[in-house]
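Okay, run.txt is below, compact mmCIF, C-alpha atoms:
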# COMPACT_ATOMS: atom_id res chain seq x y z
CA MET A 368 99.68 -90.66 -210.54
CA THR A 369 97.06 -92.19 -208.21
CA ALA A 370 93.93 -90.46 -206.97
CA GLN A 371 95.51 -90.31 -203.51
CA ASP A 372 98.50 -88.49 -204.91
CA ALA A 373 96.25 -86.04 -206.75
CA ALA A 374 94.34 -85.30 -203.55
CA ALA A 375 97.47 -84.69 -201.49
CA PRO A 376 98.20 -81.05 -200.83
CA THR A 377 101.01 -79.62 -202.88
CA GLU A 378 104.01 -78.47 -200.81
CA THR A 379 105.19 -74.96 -201.52
CA ALA A 380 108.55 -73.60 -200.54
CA SER A 381 108.35 -71.10 -197.74
CA PRO A 382 109.49 -67.69 -198.81
CA GLY A 383 113.07 -67.05 -197.74
CA PRO A 384 114.73 -63.74 -197.02
CA ALA A 385 115.31 -63.13 -200.73
CA ALA A 386 111.56 -63.28 -201.39
CA ARG A 387 110.78 -60.46 -198.99
CA PRO A 388 110.13 -57.12 -200.67
CA LEU A 389 112.92 -54.63 -200.24
CA ARG A 390 112.16 -51.60 -198.13
CA ALA A 391 112.06 -48.55 -200.34
CA ILE A 392 114.54 -45.84 -199.40
CA PRO A 393 112.80 -42.48 -199.05
CA GLU A 394 113.72 -40.06 -201.79
CA GLU A 395 114.57 -37.34 -199.26
CA HIS A 396 116.69 -39.37 -196.84
CA HIS A 397 119.65 -36.98 -196.83
CA ARG A 398 119.88 -33.41 -195.66
CA ASP A 399 120.03 -30.69 -198.31
CA VAL A 400 123.71 -29.88 -198.88
CA THR A 401 123.37 -27.97 -202.15
CA GLY A 402 120.51 -25.58 -201.51
CA GLY A 403 122.82 -22.62 -201.00
CA TRP A 404 121.32 -21.36 -197.73
CA LEU A 405 123.20 -23.11 -194.93
CA ARG A 406 126.71 -21.79 -195.57
CA PRO A 407 125.70 -18.11 -195.99
CA ALA A 408 123.31 -18.31 -193.04
CA VAL A 409 125.96 -19.78 -190.73
CA PHE A 410 128.61 -17.42 -192.02
CA GLY A 411 126.22 -14.46 -191.74
CA VAL A 412 125.15 -14.99 -188.14
CA MET A 413 128.69 -15.71 -187.01
CA ASP A 414 130.08 -12.73 -188.85
CA GLY A 415 127.34 -10.50 -187.47
CA LEU A 416 128.03 -11.62 -183.92
CA VAL A 417 131.81 -11.40 -184.15
CA SER A 418 132.16 -8.23 -186.19
CA ASN A 419 129.58 -6.14 -184.35
CA THR A 420 130.68 -7.36 -180.94
CA ALA A 421 134.25 -6.47 -181.85
CA LEU A 422 133.16 -3.11 -183.26
CA ILE A 423 131.15 -2.24 -180.16
CA ALA A 424 133.96 -3.42 -177.89
CA GLY A 425 136.49 -1.28 -179.77
CA VAL A 426 134.34 1.86 -179.69
CA ALA A 427 133.37 1.35 -176.04
CA GLY A 428 136.99 0.55 -175.16
CA GLY A 429 137.98 3.93 -176.56
CA GLY A 430 135.76 5.66 -173.99
CA ALA A 431 132.89 6.60 -176.32
CA ALA A 432 129.51 7.51 -174.86
CA PRO A 433 126.75 4.85 -175.00
CA ARG A 434 124.91 6.88 -177.67
CA THR A 435 128.00 6.77 -179.88
CA VAL A 436 128.38 3.04 -179.28
CA VAL A 437 124.76 2.50 -180.37
CA LEU A 438 125.32 4.57 -183.52
CA ALA A 439 128.45 2.59 -184.36
CA GLY A 440 126.63 -0.69 -183.72
CA LEU A 441 123.69 0.27 -185.95
CA ALA A 442 126.02 1.41 -188.71
CA GLY A 443 127.97 -1.84 -188.45
CA LEU A 444 124.76 -3.86 -188.59
CA VAL A 445 123.37 -2.16 -191.71
CA ALA A 446 126.68 -1.90 -193.57
CA GLY A 447 127.69 -5.46 -192.74
CA ALA A 448 124.33 -6.96 -193.72
CA PHE A 449 124.33 -5.30 -197.14
CA SER A 450 127.98 -6.16 -197.67
CA MET A 451 127.43 -9.81 -196.83
CA ALA A 452 124.32 -10.08 -199.02
CA THR A 453 126.02 -8.40 -201.97
CA GLY A 454 129.09 -10.60 -201.65
CA GLU A 455 127.04 -13.79 -201.43
CA TYR A 456 124.85 -12.84 -204.39
CA VAL A 457 127.80 -12.02 -206.65
CA SER A 458 129.73 -15.10 -205.53
CA VAL A 459 126.90 -17.60 -206.04
CA ALA A 460 125.68 -15.95 -209.25
CA SER A 461 129.20 -16.02 -210.73
CA GLN A 462 129.59 -19.67 -209.80
CA ALA A 463 126.24 -20.51 -211.41
CA GLU A 464 127.19 -18.59 -214.57
CA LEU A 465 130.48 -20.47 -214.77
CA THR A 466 128.66 -23.78 -214.31
CA ARG A 467 126.17 -22.96 -217.06
CA ALA A 468 129.01 -22.01 -219.38
CA GLU A 469 130.68 -25.36 -218.75
CA ILE A 470 127.36 -27.13 -219.32
CA ALA A 471 127.13 -25.43 -222.72
CA VAL A 472 130.63 -26.68 -223.53
CA GLU A 473 129.66 -30.23 -222.53
CA LYS A 474 126.51 -30.10 -224.69
CA ALA A 475 128.56 -28.93 -227.67
CA GLU A 476 131.09 -31.73 -227.16
CA LEU A 477 128.32 -34.32 -227.01
CA ALA A 478 126.90 -33.04 -230.28
CA ARG A 479 130.30 -32.84 -231.98
CA VAL A 480 132.01 -36.04 -230.81
CA PRO A 481 129.35 -38.29 -229.20
CA ALA A 482 131.43 -41.47 -229.49
CA GLU A 483 134.42 -39.96 -227.71
CA GLU A 484 132.19 -38.59 -224.95
CA GLN A 485 130.54 -41.98 -224.52
CA ALA A 486 133.95 -43.65 -224.26
CA GLU A 487 135.01 -41.04 -221.73
CA LEU A 488 131.96 -41.78 -219.60
CA ALA A 489 132.61 -45.51 -219.79
CA ALA A 490 136.25 -44.95 -218.77
CA SER A 491 135.10 -43.03 -215.68
CA TYR A 492 133.04 -46.04 -214.57
CA VAL A 493 135.95 -48.39 -215.20
CA LYS A 494 138.10 -46.28 -212.87
CA ARG A 495 135.50 -46.86 -210.17
CA GLY A 496 135.78 -50.63 -210.49
CA VAL A 497 133.12 -51.47 -213.09
CA ASP A 498 134.29 -54.04 -215.64
CA PRO A 499 134.85 -52.54 -219.14
CA ALA A 500 132.00 -54.39 -220.86
CA THR A 501 129.43 -53.34 -218.27
CA ALA A 502 130.79 -49.80 -218.19
CA ALA A 503 130.53 -49.52 -221.97
CA GLU A 504 126.94 -50.78 -221.93
CA VAL A 505 125.90 -48.44 -219.12
CA ALA A 506 127.47 -45.49 -220.92
CA ARG A 507 125.71 -46.49 -224.14
CA GLN A 508 122.31 -46.69 -222.47
CA LEU A 509 122.78 -43.41 -220.62
CA THR A 510 123.63 -41.56 -223.82
CA VAL A 511 120.62 -42.74 -225.84
CA ASP A 512 118.57 -39.78 -224.63
CA PRO A 513 120.42 -36.48 -225.34
CA GLU A 514 118.79 -34.73 -222.38
CA GLN A 515 119.84 -37.52 -220.05
CA ALA A 516 123.30 -37.70 -221.62
CA TRP A 517 124.45 -34.16 -220.92
CA ARG A 518 123.10 -34.26 -217.37
CA VAL A 519 125.03 -37.47 -216.66
CA HIS A 520 128.23 -36.02 -218.13
CA VAL A 521 127.85 -32.80 -216.12
CA ARG A 522 127.38 -34.74 -212.89
CA GLU A 523 130.32 -37.02 -213.60
CA GLU A 524 132.78 -34.47 -214.99
CA LEU A 525 131.84 -31.24 -213.18
CA GLY A 526 130.56 -32.78 -209.97
CA VAL A 527 127.39 -30.66 -209.88
CA ASP A 528 123.69 -31.32 -210.28
CA PRO A 529 122.49 -29.10 -213.16
CA ASP A 530 118.93 -29.29 -211.86
CA ASP A 531 119.83 -28.14 -208.35
CA LEU A 532 122.20 -25.19 -208.67
CA PRO A 533 122.34 -22.86 -205.63
CA SER A 534 120.20 -19.73 -205.92
CA PRO A 535 122.05 -16.40 -205.52
CA TRP A 536 118.88 -14.82 -204.10
CA VAL A 537 118.55 -17.52 -201.46
CA ALA A 538 122.21 -17.11 -200.54
CA ALA A 539 121.93 -13.31 -200.37
CA GLY A 540 118.71 -13.37 -198.36
CA SER A 541 120.02 -15.97 -195.92
CA SER A 542 123.23 -14.03 -195.43
CA PHE A 543 121.45 -10.69 -194.94
CA GLY A 544 118.92 -11.96 -192.44
CA ALA A 545 121.44 -14.02 -190.49
CA PHE A 546 123.90 -11.12 -190.25
CA VAL A 547 121.20 -8.80 -188.94
CA ILE A 548 120.26 -11.30 -186.24
CA GLY A 549 123.85 -11.85 -185.21
CA ALA A 550 124.80 -8.17 -185.23
CA PHE A 551 121.71 -7.18 -183.25
CA VAL A 552 122.64 -9.35 -180.25
CA PRO A 553 125.48 -7.19 -178.82
CA LEU A 554 123.50 -4.05 -179.64
CA LEU A 555 120.35 -5.09 -177.78
CA PRO A 556 121.57 -4.39 -174.21
CA TYR A 557 122.47 -0.80 -175.14
CA LEU A 558 119.02 -0.30 -176.67
CA LEU A 559 117.52 -1.60 -173.43
CA GLY A 560 119.43 0.97 -171.38
CA PHE A 561 122.54 -0.93 -170.27
CA THR A 562 125.70 1.14 -170.42
CA ALA A 563 128.35 -1.32 -169.22
CA LEU A 564 130.20 -3.19 -171.97
CA LEU A 565 130.23 -6.40 -169.92
CA VAL A 566 126.54 -7.12 -170.52
CA PRO A 567 126.58 -7.06 -174.37
CA VAL A 568 129.86 -8.97 -174.44
CA LEU A 569 128.53 -11.73 -172.20
CA LEU A 570 125.32 -11.91 -174.22
CA ALA A 571 127.31 -12.10 -177.46
CA MET A 572 129.57 -14.84 -176.10
CA LEU A 573 126.54 -16.84 -175.03
CA ALA A 574 125.00 -16.38 -178.47
CA LEU A 575 128.24 -17.44 -180.16
CA PHE A 576 128.36 -20.65 -178.16
CA ALA A 577 124.66 -21.33 -178.83
CA ALA A 578 125.04 -20.67 -182.56
CA GLY A 579 128.08 -22.93 -182.76
CA ALA A 580 126.24 -25.66 -180.89
CA LEU A 581 123.28 -25.31 -183.25
CA VAL A 582 125.54 -25.66 -186.28
CA SER A 583 126.76 -28.98 -184.89
CA ARG A 584 123.34 -30.45 -185.69
CA PHE A 585 124.08 -29.96 -189.39
CA THR A 586 127.75 -30.92 -189.34
CA ASP A 587 127.72 -33.87 -186.90
CA ARG A 588 130.35 -32.17 -184.76
CA SER A 589 129.81 -32.20 -181.03
CA ALA A 590 127.92 -29.21 -179.63
CA LEU A 591 130.71 -28.57 -177.13
CA TYR A 592 133.38 -28.46 -179.84
CA SER A 593 131.42 -26.26 -182.27
CA GLY A 594 130.17 -23.93 -179.57
CA GLY A 595 133.56 -23.65 -177.90
CA ARG A 596 135.29 -22.93 -181.20
CA GLN A 597 132.97 -20.02 -181.97
CA LEU A 598 133.27 -18.73 -178.43
CA VAL A 599 137.07 -18.68 -178.53
CA LEU A 600 137.27 -17.03 -181.96
CA GLY A 601 134.64 -14.41 -181.16
CA GLY A 602 136.13 -13.67 -177.75
CA ALA A 603 139.59 -13.22 -179.26
CA ALA A 604 138.28 -10.73 -181.84
CA ALA A 605 136.45 -8.70 -179.18
CA ALA A 606 139.50 -8.69 -176.91
CA VAL A 607 141.80 -7.46 -179.67
CA THR A 608 139.53 -4.63 -180.78
CA TYR A 609 138.86 -3.63 -177.17
CA GLY A 610 142.59 -3.41 -176.61
CA ILE A 611 143.07 -1.31 -179.74
CA GLY A 612 140.18 0.97 -178.76
CA SER A 613 141.56 1.42 -175.27
CA ALA A 614 145.03 2.23 -176.60
CA VAL A 615 143.79 4.72 -179.17
CA GLY A 616 141.30 6.27 -176.77
CA ALA A 617 143.91 6.62 -174.05
CA GLY A 618 146.32 8.27 -176.45
CA ALA A 619 143.75 10.63 -178.00
So that I can check it, write out the structure of this file as structure tokens.
Amino acid sequence: MTAQDAAAPTETASPGPAARPLRAIPEEHHRDVTGGWLRPAVFGVMDGLVSNTALIAGVAGGGAAPRTVVLAGLAGLVAGAFSMATGEYVSVASQAELTRAEIAVEKAELARVPAEEQAELAASYVKRGVDPATAAEVARQLTVDPEQAWRVHVREELGVDPDDLPSPWVAAGSSFGAFVIGAFVPLLPYLLGFTALLVPVLLAMLALFAAGALVSRFTDRSALYSGGRQLVLGGAAAAVTYGIGSAVGAGA
């Protein structure tokens, strides 16, 4: 090599696309779908709106005085809220207890027949398109740590995250609060001095549409579809109970 060659600048390859650092995906880049609050909250507010609007419409349709309608609405609000909260708590708690029982079974199986469980895990990856050798190696590495092993098996076989089970208290509290809010809407006009049924019904229908449209932000449905669906269902329930109240009141 000559001195001229030694003095010449060394050419370096320009970094291509593969050399660029990958953009890290944020850990929380999905909405929470397992927290246990969305379903009871949505169900609670919708149930509160529909059931108390229907109850008030039925009592008012029977010719009851506004004071009686208010009493019925308050009773429906309190009874419905506690009923919803109790049902949600028992439901979610029972599901969590069942999941924990199945986790205990999986832990026992891993301790009793670890080789068979490892082969079962590898087979599940093969079904998803992973070649057998790679699947066997992945399963082997995942089962080295016992704490990691049972969590992986629970996620694969039960389809749940053992570290993120829904809370029964969150479900019950969400359901209770949401039902109270929904049930209070058709009752509010009577508490403000309105005596005509049309006002609470219109307010409740507006709230049903708004609640349905709000839910569409979580479900990716269109606001018009979600709001219209709730409006139709709630309006049908109020119409039926009003008709029953009118028939019973007229025949009393």
Fill in the blank from the handout: Here CA of Ser613 in chain A and CA of Gly425 in chain A stand apart by 7.3 Å
Exercise for the section: Write out as an MDAnalysis selection string each polymer residue whose atoms come within 8 Å of Leu441 in chain A, counting all atoms listed in the file; drop sequence neighbours fewer than 4 positions from it. Expected result: chainID A and resid 437 445 554
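Here CA of His520 in chain A and CA of Ala460 in chain A stand 22.1 Å from one another.
The shortest atom-to-atom distance to Phe543 in chain A, with all atoms listed in the file taken into account, belongs to A:Gly415 out of A:Gly616, A:Gly579, A:Gly610, A:Gly415.
CA of Ala539 in chain A is positioned 5.2 Å from CA of Glu455 in chain A.
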Exercise for the section: Could you give me, as a PyMOL selection string, the residues that sit within 10 Å of (129.9, -5.8, -182.4) in the file's coordinates, counting all atoms listed in the file? Expected result: chain A and resi 414-426+436-437+439-441+443-444+549-554+567-568+571+601+604-605+608
Next, the residues of the selection above should be written as a CSV table (one decimal), in the frame of the given file with C-alpha atoms.
chain,number,residue,atom,x,y,z
A,414,ASP,CA,130.1,-12.7,-188.8
A,415,GLY,CA,127.3,-10.5,-187.5
A,416,LEU,CA,128.0,-11.6,-183.9
A,417,VAL,CA,131.8,-11.4,-184.2
A,418,SER,CA,132.2,-8.2,-186.2
A,419,ASN,CA,129.6,-6.1,-184.4
A,420,THR,CA,130.7,-7.4,-180.9
A,421,ALA,CA,134.2,-6.5,-181.8
A,422,LEU,CA,133.2,-3.1,-183.3
A,423,ILE,CA,131.2,-2.2,-180.2
A,424,ALA,CA,134.0,-3.4,-177.9
A,425,GLY,CA,136.5,-1.3,-179.8
A,426,VAL,CA,134.3,1.9,-179.7
A,436,VAL,CA,128.4,3.0,-179.3
A,437,VAL,CA,124.8,2.5,-180.4
A,439,ALA,CA,128.4,2.6,-184.4
A,440,GLY,CA,126.6,-0.7,-183.7
A,441,LEU,CA,123.7,0.3,-186.0
A,443,GLY,CA,128.0,-1.8,-188.4
A,444,LEU,CA,124.8,-3.9,-188.6
A,549,GLY,CA,123.8,-11.8,-185.2
A,550,ALA,CA,124.8,-8.2,-185.2
A,551,PHE,CA,121.7,-7.2,-183.2
A,552,VAL,CA,122.6,-9.4,-180.2
A,553,PRO,CA,125.5,-7.2,-178.8
A,554,LEU,CA,123.5,-4.0,-179.6
A,567,PRO,CA,126.6,-7.1,-174.4
A,568,VAL,CA,129.9,-9.0,-174.4
A,571,ALA,CA,127.3,-12.1,-177.5
A,601,GLY,CA,134.6,-14.4,-181.2
A,604,ALA,CA,138.3,-10.7,-181.8
A,605,ALA,CA,136.4,-8.7,-179.2
A,608,THR,CA,139.5,-4.6,-180.8
Practice task
For each of A:Gln485, A:Gln515, A:Arg467, A:Leu573, take the minimum atom-to-atom distance to Val527 in chain A, counting only C-alpha atoms, then give the residue where this is smallest.
Solution key: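 So, comparing all the options, the nearest one is A:Arg467.
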Handout entry: Given only C-alpha atoms as the counted atoms, nearest of A:Ala446, A:Ala431, A:Ala603, A:Ala452 to Val537 in chain A
Key =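 For Val537 in chain A, the nearest of the given residues is A:Ala452.
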Fill in the blank from the handout: For Ser541 in chain A, the closest of A:Leu565, A:Val457, A:Met451, A:Ala432 counting all atoms listed in the file is A:Met451
Exercise for the section: Might you pull out every residue within 12 Å of range 492-500 of chain A, with only C-alpha atoms counted and same-chain residues fewer than 4 positions away left off, and present them as a ChimeraX atom specification? Expected result: /A:485-488,504-507,519-520,523-524
